[in-house]
Amino acid sequence: MKRRQLAEEAVNQIEKVFGEYPGHRRAHARGSVYEAIFSSNGNASALTTASHFQPGKVQALVRFSHFSPDPTWADIMSPAKGMAVQFKLAEGEVTNIVGVTAPIFLAKTPEVFTEMLRVMKSFKNGKPRFADLAEVMTQYPESRAVIEILKKMQAPKSFATGLYHSNHAFYFHNDKGKKQPIKYEWEPEAGVEDLSLTDAAAMPIDYYKAEFEDRISQGPVNFRLNIVIGTDEDPTDDPTVEWPAERERIHIGSLSIQKQAPYAADTLFDPTVMTEGISCSEDRILNFRQDAYQVSHSRRKKGQ
């Protein structure tokens, strides 16, 4: 099956499992966009020629979101949260980093991801049945790690207190032609803080949006951008595998989120949109996202 055809099938399957919500994204349907400034400290300049990672500042957009394709789910029914960042470069160019609070992804290939969606029928009810999870883990053993993480995951207290991971590996390229595998990590300056199960159960829908907008009304919300340095032992093609915790981390810049940007609600945060000095890894799920995002965006623009 060709990649575009497979993307159509995956989006169709998401709609069958979670429902159809015209005008919304097919994943992370509910979220809000903000204006930000990214300040690079130059610590990555020996690893990549990317302009936004040289010393200096660039404008950015940030979208915080809940993972569910169903925009009617209460906040707590989506314990995994998303943080997508679009950097505004020279001459209208952009590049993106898409992060989530789960460190790894559910499937290694687009085919397995699409097939898993056929199993997850009860996800539409917010919390899947144990029998469905058991079936997924039996049929797709590579997904056991992320399912165990999701079962134990607690939602962050705020969008501003989540630790966001890129899931996928990328390559940095320097001016000498050296290629370095990396993963991204957005670290909140407010500290990582989760909600207790008791507190989470009492939170109303849109708690996160209201809480974040109260924070930002009092001043910028800040994140540190770290890169995790991969070694020859770390897979760059398998987002179901977490790199070891002891890998070197380099702080390469800071993001200061300033104010709401409702005019940018339709922005497409495609993680495969690269700039000179950065490239996608061999990860098939990462490269598949380009087609899936385009299918979703096309339907959304048509009001579907």
# chains A, B, ... in the order shown; residues from 1 in each chain; ligands from 1
call {"tool": "residues_around", "arguments": {"residues": "Tyr207 in chain A", "least_positions_apart": "4", "cutoff": "8 Å", "atoms": "only C-alpha atoms", "output": "number ranges by chain"}}
result
A: 75, 203, 211
call {"tool": "residues_around", "arguments": {"residues": "range 251-261 of chain A", "least_positions_apart": "3", "cutoff": "6 Å", "atoms": "only C-alpha atoms", "output": "NGL selection string"}}
result
:A and (33-41 or 43-44 or 220-226 or 264)
call {"tool": "write_last_selection", "arguments": {"atoms": "C-alpha atoms", "output": "PDB file, in the first residue's frame"}}
result
ATOM      1  CA  VAL A  33      -1.942  28.488  20.096  1.00  0.00           C
ATOM      2  CA  TYR A  34       0.355  31.125  21.603  1.00  0.00           C
ATOM      3  CA  GLU A  35       3.066  33.513  20.436  1.00  0.00           C
ATOM      4  CA  ALA A  36       6.577  32.927  21.741  1.00  0.00           C
ATOM      5  CA  ILE A  37      10.225  33.910  21.379  1.00  0.00           C
ATOM      6  CA  PHE A  38      12.953  31.277  21.098  1.00  0.00           C
ATOM      7  CA  SER A  39      16.430  32.288  22.244  1.00  0.00           C
ATOM      8  CA  SER A  40      19.308  30.066  21.142  1.00  0.00           C
ATOM      9  CA  ASN A  41      22.418  29.997  23.332  1.00  0.00           C
ATOM     10  CA  ASN A  43      25.371  25.344  22.290  1.00  0.00           C
ATOM     11  CA  ALA A  44      24.193  23.379  19.225  1.00  0.00           C
ATOM     12  CA  PRO A 220       5.774  34.649  30.187  1.00  0.00           C
ATOM     13  CA  VAL A 221       5.807  30.865  30.559  1.00  0.00           C
ATOM     14  CA  ASN A 222       9.261  29.456  29.875  1.00  0.00           C
ATOM     15  CA  PHE A 223      10.730  26.161  28.673  1.00  0.00           C
ATOM     16  CA  ARG A 224      14.304  24.981  28.147  1.00  0.00           C
ATOM     17  CA  LEU A 225      15.059  23.103  24.935  1.00  0.00           C
ATOM     18  CA  ASN A 226      17.428  20.169  25.455  1.00  0.00           C
ATOM     19  CA  ALA A 264      -2.952  30.989  14.238  1.00  0.00           C
TER      20      ALA A 264
END
call {"tool": "closest_atom_pairs", "arguments": {"of": "range 207-246 of chain A", "to": "range 166-172 of chain A", "cutoff": "9 Å", "atoms": "only C-alpha atoms", "output": "Markdown table"}}
result
| residue | atom | partner | partner_atom | distance |
| --- | --- | --- | --- | --- |
| A:Gly230 | CA | A:Ala169 | CA | 8.5 |
| A:Pro235 | CA | A:Ala169 | CA | 8.3 |
| A:Thr236 | CA | A:Ala169 | CA | 5.3 |
| A:Asp237 | CA | A:Ala169 | CA | 7.4 |
| A:Asp238 | CA | A:His168 | CA | 7.8 |
| A:Pro239 | CA | A:His168 | CA | 5.5 |
| A:Thr240 | CA | A:Asn167 | CA | 8.1 |
| A:Val241 | CA | A:Asn167 | CA | 8.9 |
| A:Glu242 | CA | A:Asn167 | CA | 8.1 |
call {"tool": "closest_residue", "arguments": {"among": "A:Ala46, A:Thr161, A:Ala155, A:Val11", "to": "His297 in chain A", "atoms": "only C-alpha atoms"}}
result
A:Val11
call {"tool": "select_by_dssp", "arguments": {"residues": "range 90-122 of chain A", "states": "strand (DSSP E)", "output": "PyMOL selection string"}}
result
chain A and resi 94-100
call {"tool": "select_by_dssp", "arguments": {"residues": "range 23-247 of chain A", "states": "alpha helix (DSSP H)", "output": "VMD selection string"}}
result
chain A and resid 110 to 119 130 to 139 144 to 152 197 to 201 207 to 217
call {"tool": "closest_residue", "arguments": {"among": "A:Arg300, A:Arg4, A:Lys57, A:Lys179", "to": "Ala27 in chain A", "atoms": "only C-alpha atoms"}}
result
A:Arg300
call {"tool": "residues_around", "arguments": {"residues": "range 140-148 of chain A", "least_positions_apart": "3", "cutoff": "9 Å", "atoms": "only C-alpha atoms", "output": "NGL selection string"}}
result
:A and (102-108 or 112 or 116 or 133 or 135-137 or 151-153 or 240-242)
call {"tool": "write_last_selection", "arguments": {"atoms": "C-alpha atoms", "output": "PDB file, in the first residue's frame"}}
result
ATOM      1  CA  ALA A 102       4.826  10.252  26.676  1.00  0.00           C
ATOM      2  CA  PRO A 103       8.486   9.503  25.816  1.00  0.00           C
ATOM      3  CA  ILE A 104       7.759   6.825  23.183  1.00  0.00           C
ATOM      4  CA  PHE A 105       5.147   6.050  20.526  1.00  0.00           C
ATOM      5  CA  LEU A 106       2.632   3.232  20.226  1.00  0.00           C
ATOM      6  CA  ALA A 107       3.849   1.541  17.036  1.00  0.00           C
ATOM      7  CA  LYS A 108       7.016   1.095  14.995  1.00  0.00           C
ATOM      8  CA  VAL A 112       1.046  -1.707  12.683  1.00  0.00           C
ATOM      9  CA  MET A 116      -3.829  -1.342  16.155  1.00  0.00           C
ATOM     10  CA  LEU A 133      -5.111  -3.577  25.967  1.00  0.00           C
ATOM     11  CA  GLU A 135      -5.107  -7.953  22.830  1.00  0.00           C
ATOM     12  CA  VAL A 136      -2.906  -5.092  21.668  1.00  0.00           C
ATOM     13  CA  MET A 137       0.033  -6.268  23.802  1.00  0.00           C
ATOM     14  CA  LYS A 151      -1.509   2.946  32.122  1.00  0.00           C
ATOM     15  CA  LYS A 152       0.605   4.564  34.855  1.00  0.00           C
ATOM     16  CA  MET A 153       0.733   8.061  33.384  1.00  0.00           C
ATOM     17  CA  THR A 240       8.682   2.466  20.561  1.00  0.00           C
ATOM     18  CA  VAL A 241      12.139   2.294  22.179  1.00  0.00           C
ATOM     19  CA  GLU A 242      13.242   4.890  24.731  1.00  0.00           C
TER      20      GLU A 242
END
call {"tool": "closest_residue", "arguments": {"among": "A:Ala80, A:Ala201, A:Val94, A:Ala10", "to": "Ala60 in chain A", "atoms": "only C-alpha atoms"}}
result
A:Val94
call {"tool": "residues_around", "arguments": {"residues": "Pro69 in chain A", "least_positions_apart": "6", "cutoff": "9 Å", "atoms": "only C-alpha atoms", "output": "list of chain:residue names"}}
result
A:Ile14, A:Glu15, A:Phe18, A:Gly19, A:Glu20, A:Tyr21, A:His24, A:Arg25, A:Arg26, A:Ala27, A:His28, A:Ala29, A:Arg30
call {"tool": "residues_around", "arguments": {"residues": "Thr114 in chain A", "least_positions_apart": "3", "cutoff": "9 Å", "atoms": "only C-alpha atoms", "output": "PyMOL selection string"}}
result
chain A and resi 6-7+9-11+13-14+109-111+117-118
call {"tool": "write_last_selection", "arguments": {"atoms": "N, CA and C atoms", "output": "short mmCIF file (atom, residue, chain, number, x, y, z; two decimals), in the first residue's frame"}}
result
data_model
loop_
_atom_site.label_atom_id
_atom_site.label_comp_id
_atom_site.auth_asym_id
_atom_site.auth_seq_id
_atom_site.Cartn_x
_atom_site.Cartn_y
_atom_site.Cartn_z
N LEU A 6 -2.01 4.66 2.63
CA LEU A 6 -1.97 4.18 4.01
C LEU A 6 -2.36 5.29 4.98
N ALA A 7 -1.96 6.53 4.69
CA ALA A 7 -2.34 7.66 5.53
C ALA A 7 -3.85 7.87 5.50
N GLU A 9 -6.06 5.58 5.00
CA GLU A 9 -6.64 4.48 5.76
C GLU A 9 -6.50 4.71 7.27
N ALA A 10 -5.34 5.22 7.70
CA ALA A 10 -5.13 5.48 9.12
C ALA A 10 -6.09 6.56 9.62
N VAL A 11 -6.25 7.64 8.88
CA VAL A 11 -7.16 8.71 9.29
C VAL A 11 -8.60 8.21 9.29
N GLN A 13 -9.53 5.22 9.93
CA GLN A 13 -9.68 4.35 11.08
C GLN A 13 -9.78 5.15 12.37
N ILE A 14 -9.04 6.26 12.47
CA ILE A 14 -9.17 7.15 13.63
C ILE A 14 -10.60 7.66 13.73
N THR A 109 5.70 0.94 12.94
CA THR A 109 5.44 1.16 11.52
C THR A 109 4.03 1.68 11.30
N PRO A 110 3.77 2.37 10.19
CA PRO A 110 2.42 2.83 9.88
C PRO A 110 1.42 1.69 9.75
N GLU A 111 1.88 0.55 9.22
CA GLU A 111 0.97 -0.59 9.05
C GLU A 111 0.49 -1.11 10.40
N LEU A 117 -5.33 0.43 15.49
CA LEU A 117 -6.55 1.23 15.60
C LEU A 117 -7.80 0.37 15.45
N ARG A 118 -7.68 -0.71 14.68
CA ARG A 118 -8.82 -1.60 14.51
C ARG A 118 -9.13 -2.37 15.78
#
call {"tool": "residues_around", "arguments": {"residues": "Arg63 in chain A", "least_positions_apart": "2", "cutoff": "6 Å", "atoms": "only C-alpha atoms", "output": "NGL selection string"}}
result
:A and (32-33 or 83-84)
call {"tool": "write_last_selection", "arguments": {"atoms": "N, CA and C atoms", "output": "PDB file, in the first residue's frame"}}
result
ATOM      1  N   SER A  32      -4.797  25.110  22.045  1.00  0.00           N
ATOM      2  CA  SER A  32      -4.718  26.562  21.884  1.00  0.00           C
ATOM      3  C   SER A  32      -3.307  26.952  21.455  1.00  0.00           C
ATOM      4  N   VAL A  33      -3.219  28.043  20.665  1.00  0.00           N
ATOM      5  CA  VAL A  33      -1.942  28.488  20.096  1.00  0.00           C
ATOM      6  C   VAL A  33      -1.520  29.807  20.734  1.00  0.00           C
ATOM      7  N   MET A  83       2.792  19.439  22.907  1.00  0.00           N
ATOM      8  CA  MET A  83       3.376  20.774  22.775  1.00  0.00           C
ATOM      9  C   MET A  83       4.065  20.831  21.417  1.00  0.00           C
ATOM     10  N   ALA A  84       3.490  21.577  20.490  1.00  0.00           N
ATOM     11  CA  ALA A  84       4.043  21.718  19.143  1.00  0.00           C
ATOM     12  C   ALA A  84       4.586  23.134  18.992  1.00  0.00           C
TER      13      ALA A  84
END
call {"tool": "residues_around", "arguments": {"residues": "Ala50 in chain A", "least_positions_apart": "6", "cutoff": "8 Å", "atoms": "only C-alpha atoms", "output": "count of residues only"}}
result
4
call {"tool": "decode", "arguments": {"residues": "range 163-210 of chain A", "atoms": "N, CA and C atoms", "output": "compact mmCIF listing (two decimals), in the first residue's frame"}}
result
# COMPACT_ATOMS: atom_id res chain seq x y z
N LEU A 163 6.77 17.67 30.84
CA LEU A 163 8.04 17.43 30.16
C LEU A 163 7.69 16.79 28.82
N TYR A 164 8.03 17.46 27.72
CA TYR A 164 7.58 17.06 26.39
C TYR A 164 8.74 16.46 25.59
N HIS A 165 8.51 15.27 25.02
CA HIS A 165 9.52 14.52 24.28
C HIS A 165 9.17 14.49 22.79
N SER A 166 10.19 14.46 21.93
CA SER A 166 9.93 14.41 20.49
C SER A 166 9.55 13.02 20.00
N ASN A 167 9.71 11.96 20.83
CA ASN A 167 9.44 10.57 20.42
C ASN A 167 10.40 10.10 19.34
N HIS A 168 10.51 10.88 18.26
CA HIS A 168 11.29 10.48 17.09
C HIS A 168 12.71 11.04 17.15
N ALA A 169 13.62 10.34 16.49
CA ALA A 169 15.00 10.82 16.35
C ALA A 169 15.13 11.66 15.08
N PHE A 170 16.05 12.61 15.14
CA PHE A 170 16.38 13.45 13.99
C PHE A 170 17.91 13.47 13.87
N TYR A 171 18.39 14.01 12.74
CA TYR A 171 19.83 14.17 12.55
C TYR A 171 20.18 15.64 12.49
N PHE A 172 21.22 16.02 13.23
CA PHE A 172 21.85 17.33 13.07
C PHE A 172 23.03 17.16 12.12
N HIS A 173 23.24 18.17 11.26
CA HIS A 173 24.36 18.16 10.31
C HIS A 173 25.16 19.44 10.50
N ASN A 174 26.48 19.31 10.71
CA ASN A 174 27.29 20.51 10.89
C ASN A 174 28.00 20.89 9.58
N ASP A 175 28.79 21.95 9.63
CA ASP A 175 29.42 22.46 8.41
C ASP A 175 30.58 21.58 7.93
N LYS A 176 30.91 20.56 8.69
CA LYS A 176 31.95 19.61 8.26
C LYS A 176 31.35 18.32 7.72
N GLY A 177 30.03 18.28 7.63
CA GLY A 177 29.36 17.10 7.09
C GLY A 177 29.11 16.00 8.10
N LYS A 178 29.37 16.24 9.37
CA LYS A 178 29.13 15.22 10.39
C LYS A 178 27.65 15.14 10.71
N LYS A 179 27.16 13.91 10.90
CA LYS A 179 25.75 13.68 11.20
C LYS A 179 25.64 13.15 12.63
N GLN A 180 24.78 13.78 13.43
CA GLN A 180 24.60 13.39 14.83
C GLN A 180 23.13 13.11 15.14
N PRO A 181 22.76 11.87 15.56
CA PRO A 181 21.38 11.62 15.95
C PRO A 181 21.03 12.29 17.27
N ILE A 182 19.84 12.88 17.32
CA ILE A 182 19.38 13.57 18.54
C ILE A 182 17.89 13.34 18.72
N LYS A 183 17.43 13.56 19.94
CA LYS A 183 16.01 13.72 20.22
C LYS A 183 15.84 15.02 20.97
N TYR A 184 14.64 15.62 20.86
CA TYR A 184 14.35 16.88 21.55
C TYR A 184 13.61 16.62 22.85
N GLU A 185 13.75 17.59 23.77
CA GLU A 185 13.07 17.52 25.06
C GLU A 185 12.80 18.95 25.52
N TRP A 186 11.53 19.26 25.75
CA TRP A 186 11.16 20.58 26.29
C TRP A 186 10.98 20.43 27.80
N GLU A 187 11.81 21.13 28.56
CA GLU A 187 11.82 21.03 30.02
C GLU A 187 11.20 22.31 30.61
N PRO A 188 10.14 22.19 31.42
CA PRO A 188 9.49 23.40 31.95
C PRO A 188 10.32 24.07 33.03
N GLU A 189 10.47 25.39 32.92
CA GLU A 189 11.20 26.11 33.96
C GLU A 189 10.43 26.14 35.27
N ALA A 190 9.11 25.93 35.21
CA ALA A 190 8.30 25.89 36.43
C ALA A 190 8.48 24.58 37.19
N GLY A 191 9.19 23.61 36.56
CA GLY A 191 9.36 22.30 37.18
C GLY A 191 8.31 21.33 36.70
N VAL A 192 8.66 20.05 36.67
CA VAL A 192 7.72 19.01 36.27
C VAL A 192 6.82 18.70 37.45
N GLU A 193 5.52 18.79 37.24
CA GLU A 193 4.55 18.57 38.32
C GLU A 193 3.30 17.92 37.75
N ASP A 194 2.86 16.82 38.37
CA ASP A 194 1.68 16.10 37.93
C ASP A 194 0.51 16.35 38.86
N LEU A 195 -0.69 16.05 38.36
CA LEU A 195 -1.91 16.08 39.17
C LEU A 195 -2.07 14.74 39.88
N SER A 196 -2.54 14.75 41.10
CA SER A 196 -2.93 13.51 41.75
C SER A 196 -4.20 13.00 41.09
N LEU A 197 -4.46 11.70 41.22
CA LEU A 197 -5.67 11.14 40.61
C LEU A 197 -6.92 11.78 41.19
N THR A 198 -6.90 12.10 42.48
CA THR A 198 -8.07 12.72 43.12
C THR A 198 -8.31 14.11 42.55
N ASP A 199 -7.25 14.91 42.45
CA ASP A 199 -7.40 16.26 41.91
C ASP A 199 -7.79 16.22 40.43
N ALA A 200 -7.21 15.29 39.69
CA ALA A 200 -7.48 15.20 38.26
C ALA A 200 -8.94 14.88 38.00
N ALA A 201 -9.51 14.00 38.80
CA ALA A 201 -10.90 13.59 38.61
C ALA A 201 -11.87 14.76 38.79
N ALA A 202 -11.46 15.77 39.55
CA ALA A 202 -12.35 16.89 39.84
C ALA A 202 -12.22 18.03 38.84
N MET A 203 -11.27 17.92 37.89
CA MET A 203 -11.02 19.03 36.97
C MET A 203 -12.08 19.09 35.87
N PRO A 204 -12.61 20.27 35.59
CA PRO A 204 -13.61 20.41 34.52
C PRO A 204 -12.96 20.42 33.15
N ILE A 205 -13.77 20.25 32.10
CA ILE A 205 -13.26 20.39 30.75
C ILE A 205 -12.75 21.82 30.57
N ASP A 206 -11.64 21.96 29.89
CA ASP A 206 -10.98 23.24 29.65
C ASP A 206 -10.27 23.81 30.88
N TYR A 207 -10.04 22.97 31.90
CA TYR A 207 -9.25 23.40 33.05
C TYR A 207 -7.86 23.85 32.60
N TYR A 208 -7.22 23.08 31.71
CA TYR A 208 -5.85 23.37 31.31
C TYR A 208 -5.74 24.70 30.59
N LYS A 209 -6.68 24.97 29.71
CA LYS A 209 -6.64 26.24 28.98
C LYS A 209 -6.79 27.42 29.94
N ALA A 210 -7.78 27.32 30.85
CA ALA A 210 -8.00 28.42 31.80
C ALA A 210 -6.81 28.60 32.72
